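**Q** Can you read through this structure? Questions will come right after.
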Amino acid sequence: MKLNIKAFRYLSSEDWRVLQAVETGTKSHEVVPTSIIISLSGLRTGANTVNKAISALAKANLIAKEKNMKYDGYRLTYGGLDYLAMHAHSRSNAIIHLGSQMGIGKESDIYLVTTPRPSTPSTSTSAPLTPEQAILKLHRLGRTSFRQLRTLRSYHGSRTQKLSWQYLSRLSAQKEYAAMQALHAAGLPVPRPVNWNRHAVVMSLVPGTPLRAVPLGAFGPADTAAQRAQRDARIAALYAELMELALKLADVGVIHGDFNEFNILIQHVPEAAEEGMDNRASEFPERVMTPWVIDFPQITSLDHPNAPQYFDRDVQCIKDFFEKRYHYVADDGGPTFEEARRRLATATETRGAARRIDVQIEAAGFSRKMAKELGGYYDEASKEEEGEEPEVFLPPEDDEDKEQSNPEAGGHNGGDENGFQSLIIHNDQEVTLPSQEEP
Ligand code: ADP
Ligand code: MG
């Protein structure tokens with residue numbers, strides 16, 4: 001596996017064990033003391049080996065030395081978390097090659113990777129594998145939110161809970177993977193999930209560009225009245241299909257929660273038809289664009305108390321974008337939450353509740369407690385986006401710039417001898433959320 005992270009190939013098996021020990025220790029200690037690292041690593045060779053590994057890991061910025069009130073110790077950095085996740089994906093053969101960084105999302109880093117895919121659908125392990133381009137999404141919660149805020153305020157008296165960004169990033173990845181598995185199995189136009197480990201999800205590469213980047217002209221020329229009519233019909237068809245997509249999600253019990261021009265990828269129909277991927281064309285005969293949906297950490301049950309708001313917000317996002325970009329305003333107001341509920345009721349009657357994606361996400365191990373923890377984060381983040389004062393504040397964090405400006409850290413401009421971009425290393429930061437036990 002070719003990796004662009006400088007130190008990845010040079011870590012010894014002892015180094016990996018010590019890195020893992022720091023991660024395990026983080027579950028019980030905010031700062032993990034060296035004695036705990038030694039015992040958790042289970043290395044019989046003893047303290048010397050562990051200390052050597054600790055300095056190698058610290059030098060590569062995979063762990064960081066910290067003091068707390070009583071002792072010195074170490075914590076896992078985002079870089080360390082990245083390494084552990086990449087290591088796991090590499091060992092399970094989900095990733096055989098790490099390519100270049102494709103983008104920086106609002107709350108993620110996106111990389112092109114190569115994954116081996118059985119060339120014939122077969123359960124046999126000896127089926128030949130074809131390398132295929134895929135996407136690695138490293139979840140990075142806390143990157144854009146709560147950024148400017150520098151004071152810590154606790155809520156609900158003493159009943160506050162500290163959740164680290166790393167923990168929330170793992171939750172986000174776990175939920176995204178579970179949702180994608182269920183949506184993909186239900187035949188919705190989403191990437192094929194390949195694997196999930198920690199905060200890192202591997203999925204198929206969708207052959208499309210974000211709707212955000214699709215200009216009016218992409219719907220065809222508009223020189224004659226007939227062309228203009230055709231172009232308008234195509235825009236209307238895409239709009240109708242996106243609204244229908246929101247309702248198809250309602251059929252299976254969920255709301256996307258972040259349904260917008262960045263999370264809808266558009267594929268041109270001629271290409272789709274060529275690849276035999278477009279089985280939806282007959283539903284919307286005028287359309288030249290096939291929409292795909294990505295980015296599922298905010299997916300929400302239709303039974304959630306805020307579901308009406310979330311559904312309306314998703315619909316409104318698309319309406320606003322179509323009006324602004326394509327000067328298109330539909331005759332009707334778009335689907336309402338009541339309509340979404342009716343669709344769910346009908347679908348449940350005919351196909352049973354087992355098809356519900358919200359039920360399947362929970363059954364896959366993403367518990368209600370986890371959902372509340374992650375939901376609390378997104379609610380606060382969206383308040384900040386809307387300019388409201390969020391209830392949660394970030395504790396002062398002053399060492400992040402230090403870490404990023406360290407040339408050993410493989411920062412923003414890093415690249416290895418193969419010309420691959422190095423991973424961007426981020427610090428873990430603490431966020432305090434209201435206790436989830438509150439009514
Ligand atoms: P974020 O939560 O940070 O918004 P996204 O899942 O939306 O992350 O991914 C960010 C960007 O990366 C997307 O807008 C899209 O351009 C690209 N991207 C993500 N996943 C895929 C995929 N499976 N196929 C193609 N492009 C993708
Ligand atoms: Mg997105």
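Identifiers in the structure tokens: chain A, B, ... in order shown; residue index from 1 per chain; ligand index from 1 in order shown.
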Considering only C-alpha atoms, give me a table of residues in range 273-369 of chain A that are at most 12 Å from range 195-202 of chain A, with the closest atom pair and distance in Å for each, as JSON lines.

**A**
{"residue": "A:Asp295", "atom": "CA", "partner": "A:Val201", "partner_atom": "CA", "distance": 11.0}
{"residue": "A:Phe296", "atom": "CA", "partner": "A:Val201", "partner_atom": "CA", "distance": 11.4}
{"residue": "A:Pro297", "atom": "CA", "partner": "A:Val201", "partner_atom": "CA", "distance": 11.5}

**Q** What residues have any atom no more than 7 Å from ligand 2 when counting only C-alpha atoms and all ligand atoms, and can you list them as a list of chain:residue names?

**A** A:Gly105, A:Lys106, A:Phe262, A:Asn263, A:Asp295

**Q** Which residues, written as a ChimeraX atom specification, have at least one atom at most 8 Å from Ala64 in chain A, with only C-alpha atoms counted and residues fewer than 5 positions away on the same chain left out?

**A** /A:58,74-77

**Q** Pick out the residues no farther than 10 Å from ligand 1, counting only C-alpha atoms and all ligand atoms, and list them as a compact mmCIF listing (two decimals) with C-alpha atoms, in the first residue's frame.

**A**
# COMPACT_ATOMS: atom_id res chain seq x y z
CA GLN A 101 -6.64 14.64 -1.65
CA MET A 102 -9.79 15.34 -3.58
CA GLY A 103 -11.29 17.96 -1.40
CA ILE A 104 -11.83 19.44 1.96
CA GLY A 105 -15.44 19.17 2.98
CA LYS A 106 -17.17 21.21 5.62
CA GLU A 107 -16.45 18.50 8.13
CA SER A 108 -14.18 16.06 6.39
CA ASP A 109 -11.09 15.47 4.29
CA ILE A 110 -11.76 13.53 1.12
CA TYR A 111 -9.12 11.35 -0.54
CA LEU A 112 -9.09 9.27 -3.68
CA GLN A 133 -11.15 4.10 -7.55
CA ALA A 134 -12.99 4.93 -4.36
CA ILE A 135 -13.34 7.66 -1.77
CA LEU A 136 -11.87 7.83 1.70
CA LYS A 137 -13.75 10.25 3.92
CA LEU A 138 -11.99 11.24 7.14
CA HIS A 139 -14.55 12.84 9.40
CA ARG A 140 -13.31 15.99 11.14
CA LEU A 141 -15.98 17.37 13.37
CA ARG A 143 -13.37 22.05 12.17
CA THR A 144 -15.80 24.75 11.14
CA SER A 172 -20.31 10.66 12.54
CA ALA A 173 -18.43 8.07 10.47
CA GLU A 176 -22.71 7.64 7.84
CA VAL A 190 -26.00 6.75 -2.91
CA PRO A 191 -22.37 5.57 -2.97
CA ARG A 192 -21.70 1.90 -2.30
CA PRO A 193 -20.28 1.57 1.20
CA VAL A 201 -15.31 5.64 5.75
CA VAL A 202 -14.46 4.07 2.39
CA MET A 203 -17.14 4.28 -0.30
CA SER A 204 -17.46 4.10 -4.05
CA LEU A 205 -16.66 7.15 -6.12
CA VAL A 206 -19.82 8.73 -7.51
CA PRO A 207 -19.31 9.72 -11.15
CA GLY A 208 -20.69 13.20 -10.81
CA THR A 209 -20.01 16.82 -9.90
CA PRO A 210 -21.74 18.73 -7.12
CA LEU A 211 -24.94 20.43 -8.25
CA ARG A 212 -23.30 23.61 -7.00
CA ALA A 213 -20.92 23.42 -9.99
CA ASP A 258 -28.21 18.40 4.84
CA PHE A 259 -29.83 18.10 1.43
CA ASN A 260 -28.18 20.83 -0.60
CA GLU A 261 -26.22 21.67 -3.74
CA PHE A 262 -22.95 20.37 -2.22
CA ASN A 263 -24.33 16.99 -1.22
CA ILE A 264 -26.15 16.28 -4.47
CA LEU A 265 -23.82 15.08 -7.19
CA ILE A 266 -24.93 15.27 -10.79
CA TRP A 292 -26.80 11.10 -6.50
CA VAL A 293 -26.87 11.89 -2.81
CA ILE A 294 -23.91 11.82 -0.40
CA ASP A 295 -23.02 12.97 3.15
CA PHE A 296 -25.29 11.23 5.68
CA PRO A 297 -24.17 12.02 9.23
CA GLN A 298 -27.19 14.29 9.72

**Q** As a list in words, which residues of range 326-369 of chain A does DSSP assign to helix (DSSP H, G or I)?

**A**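 Secondary structure check on range 326-369 of chain A, helix (DSSP H, G or I): Tyr326, Phe337, Glu338, Glu339, Ala340, Arg341, Arg342, Arg343, Leu344, Ala345, Thr346, Ala347, Thr348, Glu349, Thr350, Arg351, Ala353, Ala354, Arg355, Ile357, Asp358, Val359, Gln360, Ile361, Glu362, Ala363, Arg368 and Lys369 of chain A.
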
**Q** Can I get the selected residues back with N, CA and C atoms, as a short mmCIF file (atom, residue, chain, number, x, y, z; two decimals), in the first residue's frame?

**A**
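Here's the written file out-v2.cif:
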data_model
loop_
_atom_site.label_atom_id
_atom_site.label_comp_id
_atom_site.auth_asym_id
_atom_site.auth_seq_id
_atom_site.Cartn_x
_atom_site.Cartn_y
_atom_site.Cartn_z
N TYR A 326 -30.92 28.84 -11.32
CA TYR A 326 -31.58 28.53 -12.60
C TYR A 326 -32.84 29.37 -12.82
N PHE A 337 -44.19 18.36 5.00
CA PHE A 337 -43.90 17.30 5.96
C PHE A 337 -45.07 16.33 6.07
N GLU A 338 -46.30 16.86 5.96
CA GLU A 338 -47.48 15.99 6.03
C GLU A 338 -47.44 14.96 4.90
N GLU A 339 -47.02 15.44 3.72
CA GLU A 339 -46.92 14.53 2.59
C GLU A 339 -45.86 13.46 2.87
N ALA A 340 -44.74 13.88 3.46
CA ALA A 340 -43.68 12.93 3.80
C ALA A 340 -44.21 11.87 4.75
N ARG A 341 -44.99 12.29 5.73
CA ARG A 341 -45.55 11.35 6.72
C ARG A 341 -46.51 10.37 6.03
N ARG A 342 -47.29 10.92 5.10
CA ARG A 342 -48.22 10.04 4.39
C ARG A 342 -47.47 9.00 3.58
N ARG A 343 -46.39 9.43 2.94
CA ARG A 343 -45.59 8.49 2.16
C ARG A 343 -45.04 7.38 3.05
N LEU A 344 -44.56 7.77 4.22
CA LEU A 344 -44.02 6.77 5.14
C LEU A 344 -45.11 5.79 5.57
N ALA A 345 -46.29 6.34 5.87
CA ALA A 345 -47.39 5.49 6.33
C ALA A 345 -47.75 4.46 5.25
N THR A 346 -47.86 4.94 4.00
CA THR A 346 -48.21 4.03 2.90
C THR A 346 -47.13 2.98 2.70
N ALA A 347 -45.87 3.44 2.71
CA ALA A 347 -44.77 2.49 2.48
C ALA A 347 -44.71 1.46 3.59
N THR A 348 -44.93 1.89 4.83
CA THR A 348 -44.87 0.96 5.96
C THR A 348 -45.99 -0.07 5.86
N GLU A 349 -47.16 0.41 5.41
CA GLU A 349 -48.31 -0.49 5.26
C GLU A 349 -48.01 -1.59 4.25
N THR A 350 -47.42 -1.18 3.12
CA THR A 350 -47.21 -2.19 2.07
C THR A 350 -45.94 -3.01 2.28
N ARG A 351 -44.89 -2.38 2.87
CA ARG A 351 -43.62 -3.10 2.91
C ARG A 351 -43.12 -3.42 4.31
N ALA A 353 -42.26 -2.20 8.56
CA ALA A 353 -41.38 -1.23 9.21
C ALA A 353 -39.91 -1.61 9.12
N ALA A 354 -39.63 -2.86 8.76
CA ALA A 354 -38.24 -3.32 8.72
C ALA A 354 -37.42 -2.57 7.66
N ARG A 355 -38.11 -2.00 6.68
CA ARG A 355 -37.40 -1.28 5.64
C ARG A 355 -36.95 0.11 6.10
N ILE A 357 -35.03 3.07 7.39
CA ILE A 357 -33.58 3.28 7.52
C ILE A 357 -33.23 3.67 8.96
N ASP A 358 -34.07 4.48 9.60
CA ASP A 358 -33.78 4.89 10.98
C ASP A 358 -33.70 3.66 11.90
N VAL A 359 -34.61 2.71 11.66
CA VAL A 359 -34.60 1.47 12.45
C VAL A 359 -33.32 0.66 12.16
N GLN A 360 -32.96 0.63 10.90
CA GLN A 360 -31.77 -0.14 10.51
C GLN A 360 -30.48 0.47 11.05
N ILE A 361 -30.42 1.79 11.09
CA ILE A 361 -29.21 2.45 11.62
C ILE A 361 -29.03 2.08 13.10
N GLU A 362 -30.14 2.09 13.82
CA GLU A 362 -30.07 1.73 15.24
C GLU A 362 -29.71 0.25 15.40
N ALA A 363 -30.31 -0.58 14.56
CA ALA A 363 -30.02 -2.01 14.64
C ALA A 363 -28.56 -2.31 14.33
N ARG A 368 -29.40 5.13 20.42
CA ARG A 368 -30.10 6.42 20.62
C ARG A 368 -29.23 7.42 21.35
N LYS A 369 -28.44 6.91 22.30
CA LYS A 369 -27.55 7.79 23.05
C LYS A 369 -26.55 8.43 22.08
#

**Q** Please compute the CA of Val22 in chain A-CA of Phe366 in chain A distance, one decimal, in Å.

**A**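 It comes out at 24.5 Å.
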
**Q** What does the distance from CA of Pro335 in chain A to CA of Phe311 in chain A come to in Å, to one decimal?

**A**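 Taking CA of Pro335 in chain A and CA of Phe311 in chain A, their separation equals 9.1 Å.
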
**Q** Using backbone DSSP assignments, extract all strand (DSSP E) residues from range 54-95 of chain A; output them as a ChimeraX atom specification.

**A** /A:63-67,72-76

**Q** Go ahead and write the residues just picked, N, CA and C atoms, as a short mmCIF file (atom, residue, chain, number, x, y, z; two decimals), in the first residue's frame.

**A**
data_model
loop_
_atom_site.label_atom_id
_atom_site.label_comp_id
_atom_site.auth_asym_id
_atom_site.auth_seq_id
_atom_site.Cartn_x
_atom_site.Cartn_y
_atom_site.Cartn_z
N ILE A 63 1.16 11.24 18.48
CA ILE A 63 0.71 11.48 19.85
C ILE A 63 1.34 12.81 20.28
N ALA A 64 0.75 13.44 21.26
CA ALA A 64 1.29 14.72 21.72
C ALA A 64 1.44 14.69 23.23
N LYS A 65 2.54 15.24 23.69
CA LYS A 65 2.78 15.28 25.14
C LYS A 65 1.89 16.36 25.76
N GLU A 66 1.30 16.04 26.89
CA GLU A 66 0.43 16.99 27.58
C GLU A 66 0.67 16.90 29.06
N LYS A 67 0.46 18.03 29.70
CA LYS A 67 0.49 18.01 31.17
C LYS A 67 -0.95 18.15 31.63
N ASP A 72 2.40 14.21 33.71
CA ASP A 72 2.63 14.32 32.27
C ASP A 72 2.11 13.06 31.59
N GLY A 73 1.70 13.20 30.37
CA GLY A 73 1.26 12.02 29.65
C GLY A 73 1.09 12.35 28.18
N TYR A 74 0.34 11.51 27.48
CA TYR A 74 0.18 11.69 26.03
C TYR A 74 -1.27 11.57 25.64
N ARG A 75 -1.59 12.23 24.55
CA ARG A 75 -2.91 12.02 23.96
C ARG A 75 -2.73 11.73 22.47
N LEU A 76 -3.73 11.08 21.91
CA LEU A 76 -3.71 10.75 20.49
C LEU A 76 -4.05 12.02 19.70
#

**Q** Pick the closest to Gln267 in chain A from A:Ala250, A:Met289, A:Leu168, A:Ala85: which is it, counting only C-alpha atoms?

**A** A:Met289

**Q** Counting only C-alpha atoms, which residue out of A:Leu183, A:Asp320, A:Ile299, A:Val288 sits closest to Gln230 in chain A?

**A**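 Result for the nearest residue to Gln230 in chain A: A:Val288.
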
**Q** Could you list, as a PyMOL selection string, every residue within 10 Å of Ala186 in chain A, counting only C-alpha atoms and ignoring same-chain residues fewer than 5 positions away?

**A** chain A and resi 180-181+249+252+355-357

**Q** When you draw a straight line from CA of Lys324 in chain A to CA of Leu216 in chain A, how long is it in Å?

**A** 10.6 Å

**Q** Quick one: residues within 10 Å of Thr34 in chain A, only C-alpha atoms, excluding same-chain residues fewer than 2 positions away - as JSON, numbers by chain?

**A** {"A": [22, 25, 31, 32, 36, 37, 38, 39, 40, 47, 50, 51, 54, 71, 72, 73, 74]}

**Q** I'd like the contact shell of Arg234 in chain A - 7 Å cut-off, only C-alpha atoms, skipping same-chain residues fewer than 3 positions apart - returned as number ranges by chain.

**A** A: 219, 230-231, 237-238, 286-288

**Q** Taking N, CA and C atoms for each residue, export the selection above as a PDB file, in the first residue's frame.

**A**
ATOM      1  N   PHE A 219     -27.835  22.537 -19.025  1.00  0.00           N
ATOM      2  CA  PHE A 219     -29.143  21.949 -19.364  1.00  0.00           C
ATOM      3  C   PHE A 219     -29.454  22.087 -20.851  1.00  0.00           C
ATOM      4  N   GLN A 230     -37.144  23.441 -23.962  1.00  0.00           N
ATOM      5  CA  GLN A 230     -36.555  22.144 -23.607  1.00  0.00           C
ATOM      6  C   GLN A 230     -35.656  22.285 -22.369  1.00  0.00           C
ATOM      7  N   ARG A 231     -34.893  23.366 -22.344  1.00  0.00           N
ATOM      8  CA  ARG A 231     -34.012  23.579 -21.198  1.00  0.00           C
ATOM      9  C   ARG A 231     -34.833  23.719 -19.908  1.00  0.00           C
ATOM     10  N   ALA A 237     -37.456  18.906 -14.574  1.00  0.00           N
ATOM     11  CA  ALA A 237     -37.368  17.459 -14.328  1.00  0.00           C
ATOM     12  C   ALA A 237     -36.379  17.155 -13.211  1.00  0.00           C
ATOM     13  N   LEU A 238     -35.243  17.849 -13.205  1.00  0.00           N
ATOM     14  CA  LEU A 238     -34.260  17.611 -12.142  1.00  0.00           C
ATOM     15  C   LEU A 238     -34.833  18.034 -10.791  1.00  0.00           C
ATOM     16  N   GLU A 286     -37.726  13.951 -19.295  1.00  0.00           N
ATOM     17  CA  GLU A 286     -37.064  15.159 -19.792  1.00  0.00           C
ATOM     18  C   GLU A 286     -35.655  15.330 -19.245  1.00  0.00           C
ATOM     19  N   ARG A 287     -35.278  14.505 -18.297  1.00  0.00           N
ATOM     20  CA  ARG A 287     -34.072  14.886 -17.601  1.00  0.00           C
ATOM     21  C   ARG A 287     -32.799  14.443 -18.296  1.00  0.00           C
ATOM     22  N   VAL A 288     -31.756  15.294 -18.194  1.00  0.00           N
ATOM     23  CA  VAL A 288     -30.458  14.933 -18.746  1.00  0.00           C
ATOM     24  C   VAL A 288     -29.437  14.736 -17.628  1.00  0.00           C
TER      25      VAL A 288
END

**Q** Fewer than 3 positions away in the same chain doesn't count, so skip those; otherwise give me all residues within 6 Å of Tyr310 in chain A, counting only C-alpha atoms, as a list in words.

**A** Gly257, Ala307 and Arg313 of chain A
